[in-house]
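Asks: What follows is a single structure, and I will ask about it in a moment.
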4 protein chains.
Amino acid sequence: MDALGRKRWAIAEGYIPSESSLSDRTLISHETACILNVTDRDAHVTVTIFFANREPVGPYRLTVAARRTLHLRFNDLEEPQPVPRDTDYASVFESDVPIVVQHTRMDSRRAEIALLSTMAYAAE
Amino acid sequence: MDALGRKRWAIAEGYIPSESSLSDRTLISHETACILNVTDRDAHVTVTIFFANREPVGPYRLTVAARRTLHLRFNDLEEPQPVPRDTDYASVFESDVPIVVQHTRMDSRRAEIALLSTMAYAAE
Amino acid sequence: MDALGRKRWAIAEGYIPSESSLSDRTLISHETACILNVTDRDAHVTVTIFFANREPVGPYRLTVAARRTLHLRFNDLEEPQPVPRDTDYASVFESDVPIVVQHTRMDSRRAEIALLSTMAYAAE
Amino acid sequence: MDALGRKRWAIAEGYIPSESSLSDRTLISHETACILNVTDRDAHVTVTIFFANREPVGPYRLTVAARRTLHLRFNDLEEPQPVPRDTDYASVFESDVPIVVQHTRMDSRRAEIALLSTMAYAAE
């Protein structure tokens with residue numbers, strides 16, 4: 001399929017609650033960056049995490065295979081260091097092929113879940 | 001009305017929970033792609049579904065009549081195959097006339113519903 | 001302030017639940033188009049409502065005064081006819097000066113509320 | 001990192017409920033503008049608040065340091081005056097370096113929370 005998307009994306013929101021009322025993996029409080037690569041080449045993506053009061057952390061490195069989507073949980077990032085909970089952050093995605101990035105949060109601190117989602121900001 | 005929108009759109013998020021606490025059709029967990037065609041020509045749209053670990057599936061074919069909106073439930077797609085539940089996916093829409101695409105999910109796994117929505121990504 | 005926004009906008013989602021568990025006006029199930037006019041001229045806006053199975057309805061006419069925001073409830077539209085409940089629709093906004101349009105729904109069919117919001121699609 | 005974003009942004013939605021069922025600061029009803037500055041220069045940002053029935057208020061002045069994100073709570077704005085509760089408003093952000101702005105609301109009037117988020121509108 002013809003390339004679709006951009007090579008740089010930003011998500012200004014970021015906040016993973018440390019608490020969850022629910023223990024099922026799919027219902028634990030989490031944030032996701034959904035990445036779509038429609039091209040026939042693997043996308044090599046680096047993620048940089050920005051904070052309110054300290055220097056950015058990164059790059060986190062990941063690959064989105066050709067013709068695949070990766071729903072990346074920020075909760076699962078480990079290298080170079082985990083994303084702290086209960087902390088404001090933001091993120092930038094840089095890829096070697098065009099991708100599409102969408103941001104979603106599930107908040108299950110209370111007994112019922114709340115959801116938010118938005119397409120990320122695509123840089124020119 | 002003058003054409004409005006683009007011919008290619010992408011939604012990077014996609015996840016239909018298999019569970020619902022509510023049985024009313026309007027309250028069952030579902031995902032929707034709301035498509036608007038303001039032109040005076042029918043829009044012939046193909047949808048391709050992308051996954052994390054296998055080749056894309058499609059095309060799904062649908063028509064959005066001239067001057068109509070179609071709120072497509074991914075839950076209802078049947079040909080070439082249903083969209084699996086509890087599975088990460090993403091989608092691309094390609095139309096022969098300009099359309100506008102917006103993505104919405106209702107999650108009713110818990111007793112109360114949660115909603116998310118975002119305009120899809122419009123390709124250049 | 002310098003003009004900001006576009007003159008044509010579209011919202012592909014649209015659905016007003018007829019039910020509400022809550023009776024306070026601010027908590028009744030409703031959909032809103034939030035319109036911002038930062039210019040020094042009044043914005044004369046026409047709204048057209050699109051449906052799945054019948055011809056579009058409109059124009060609905062409204063004015064957003066210079067340097068003002070109008071949070072328009074679709075529930076309150078009366079002329080040329082009310083927006084039907086429990087019905088899929090979509091909307092197009094056309095203005096004589098640049099505006100910004102954002103779409104929000106509050107769903108209070110259940111005892112707890114659910115919210116969604118997205119910036120509308122800005123036509124070129 | 002190379003500049004990313006725009007210098008003018010708008011959020012047409014704005015509404016801070018005066019009520020909250022929860023008293024924890026993170027769970028009180030609030031609205032946030034998440035601002036990301038990836039550049040190596042501090043961003044000097046002015047915010048103007050627009051209303052339905054009176055003249056805009058501002059500028060509110062804030063700085064987003066180089067390589068930092070600021071998750072600004074509208075609830076916390078004090079000078080030139082607090083943002084009124086239970087009141088429709090909208091906002092415009094103007095910066096001297098490119099930034100990215102995302103809008104989020106947490107509504108905790110009921111016992112469970114509801115969330116919405118969208119990327120703000122980036123002016124040309």
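Letters A, B, ... go to the chains of the structure tokens in the order shown; residues in each chain start at 1; ligands are counted from 1 in the same order.
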Might you pull out every residue within 12 Å of Arg25 (chain B), with only C-alpha atoms counted and same-chain residues fewer than 6 positions away left off, and present them as a list in words?

Replies: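 Counting only the stated atoms, we get Arg73, Asn75, Asp76, Met106 and Ser108 of chain B; Asp86 of chain C.
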
Asks: Quick one: residues within 7 Å of His44 (chain A), only C-alpha atoms counted, chain neighbours fewer than 5 positions away excluded, as a ChimeraX atom specification?

Replies: /A:62-64,95-96

Asks: Identify which of the residues C:Thr32, C:Ser20, C:Tyr60, C:Asn53 lies closest to chain D, counting only C-alpha atoms when measuring atom-to-atom distances.

Replies: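 Nearest to chain D: C:Thr32.
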
Asks: For Glu124 (chain D), list every protein, DNA or RNA residue within 10 Å, evaluated using only C-alpha atoms, and leave out those in the same chain fewer than 3 positions away; present the list as a PyMOL selection string.

Replies: (chain C and resi 4-6) or (chain D and resi 6-9+121)

Asks: Once DSSP has gone over the backbone, tell me which residues of region 12-121 of chain D are in strand (DSSP E), as number ranges by chain.

Replies: D: 30-37, 43-51, 57-64, 68-73, 89-107, 114-119, 121

Asks: Taking only C-alpha atoms into account, find every residue of chain C that has an atom no more than 10 Å from chain A, and write it out as a tab-separated table (two decimals) with all heavy atoms, in the first residue's frame.

Replies:
chain	number	residue	atom	x	y	z
C	112	GLU	N	-23.60	7.03	35.59
C	112	GLU	CA	-22.38	7.82	35.49
C	112	GLU	C	-22.27	8.38	34.07
C	112	GLU	O	-22.76	7.77	33.13
C	112	GLU	CB	-21.15	6.95	35.82
C	112	GLU	CG	-21.18	6.34	37.20
C	112	GLU	CD	-21.01	7.37	38.31
C	112	GLU	OE1	-20.41	8.43	38.03
C	112	GLU	OE2	-21.49	7.13	39.43
C	113	ILE	N	-21.60	9.51	33.92
C	113	ILE	CA	-21.50	10.11	32.60
C	113	ILE	C	-20.27	9.58	31.85
C	113	ILE	O	-19.30	9.12	32.44
C	113	ILE	CB	-21.41	11.65	32.67
C	113	ILE	CG1	-20.15	12.08	33.42
C	113	ILE	CG2	-22.65	12.22	33.31
C	113	ILE	CD1	-19.91	13.58	33.41
C	114	ALA	N	-20.35	9.64	30.52
C	114	ALA	CA	-19.20	9.37	29.66
C	114	ALA	C	-19.04	10.57	28.74
C	114	ALA	O	-20.03	11.20	28.35
C	114	ALA	CB	-19.41	8.10	28.85
C	115	LEU	N	-17.79	10.90	28.39
C	115	LEU	CA	-17.50	12.06	27.56
C	115	LEU	C	-16.63	11.66	26.38
C	115	LEU	O	-15.78	10.78	26.49
C	115	LEU	CB	-16.70	13.11	28.35
C	115	LEU	CG	-17.39	13.83	29.50
C	115	LEU	CD1	-16.38	14.68	30.24
C	115	LEU	CD2	-18.51	14.72	28.96
C	116	LEU	N	-16.81	12.35	25.26
C	116	LEU	CA	-15.86	12.27	24.16
C	116	LEU	C	-15.72	13.66	23.58
C	116	LEU	O	-16.61	14.50	23.70
C	116	LEU	CB	-16.32	11.27	23.08
C	116	LEU	CG	-17.61	11.54	22.29
C	116	LEU	CD1	-17.39	12.55	21.19
C	116	LEU	CD2	-18.10	10.25	21.67
C	117	SER	N	-14.55	13.92	22.98
C	117	SER	CA	-14.35	15.20	22.30
C	117	SER	C	-13.27	15.05	21.25
C	117	SER	O	-12.34	14.25	21.39
C	117	SER	CB	-13.92	16.29	23.29
C	117	SER	OG	-13.88	17.56	22.65
C	118	THR	N	-13.39	15.82	20.17
C	118	THR	CA	-12.34	15.89	19.16
C	118	THR	C	-12.47	17.22	18.42
C	118	THR	O	-13.57	17.77	18.30
C	118	THR	CB	-12.42	14.73	18.15
C	118	THR	OG1	-11.31	14.84	17.24
C	118	THR	CG2	-13.71	14.77	17.33
C	119	MET	N	-11.32	17.73	18.00
C	119	MET	CA	-11.36	18.87	17.10
C	119	MET	C	-12.08	18.39	15.83
C	119	MET	O	-11.88	17.25	15.39
C	119	MET	CB	-9.93	19.29	16.78
C	119	MET	CG	-9.73	20.75	16.46
C	119	MET	SD	-10.44	21.94	17.64
C	119	MET	CE	-9.44	21.67	19.11

Asks: Let me make sure I understand: among B:Arg105, B:Arg110, B:Arg85, B:Arg61, which one has the smallest atom-to-atom distance to Pro17 (chain B) if we use only C-alpha atoms?

Replies: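 Using only C-alpha atoms, the shortest distance to Pro17 (chain B) belongs to B:Arg85.
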
Asks: Write out as a VMD selection string the set of residues from region 3-92 of chain A that DSSP, computed on the backbone, places in helix (DSSP H, G or I).

Replies: chain A and resid 25 to 27 74 to 76

Asks: Between A:Ala120, A:Ser21, A:Ala12, A:Ala65, single out the one closest to Asp40 (chain A), counting only C-alpha atoms.

Replies: A:Ala65

Asks: State, in Å with one decimal place, the distance from CA of Asp2 (chain B) to CA of Pro98 (chain B).

Replies: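 That distance, rounded to one decimal, is 10.0 Å.
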
Asks: In Å, how far is it from CA of Leu22 (chain B) to CA of Asp88 (chain B)?

Replies: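 Pair CA of Leu22 (chain B) / CA of Asp88 (chain B) returns 22.4 Å.
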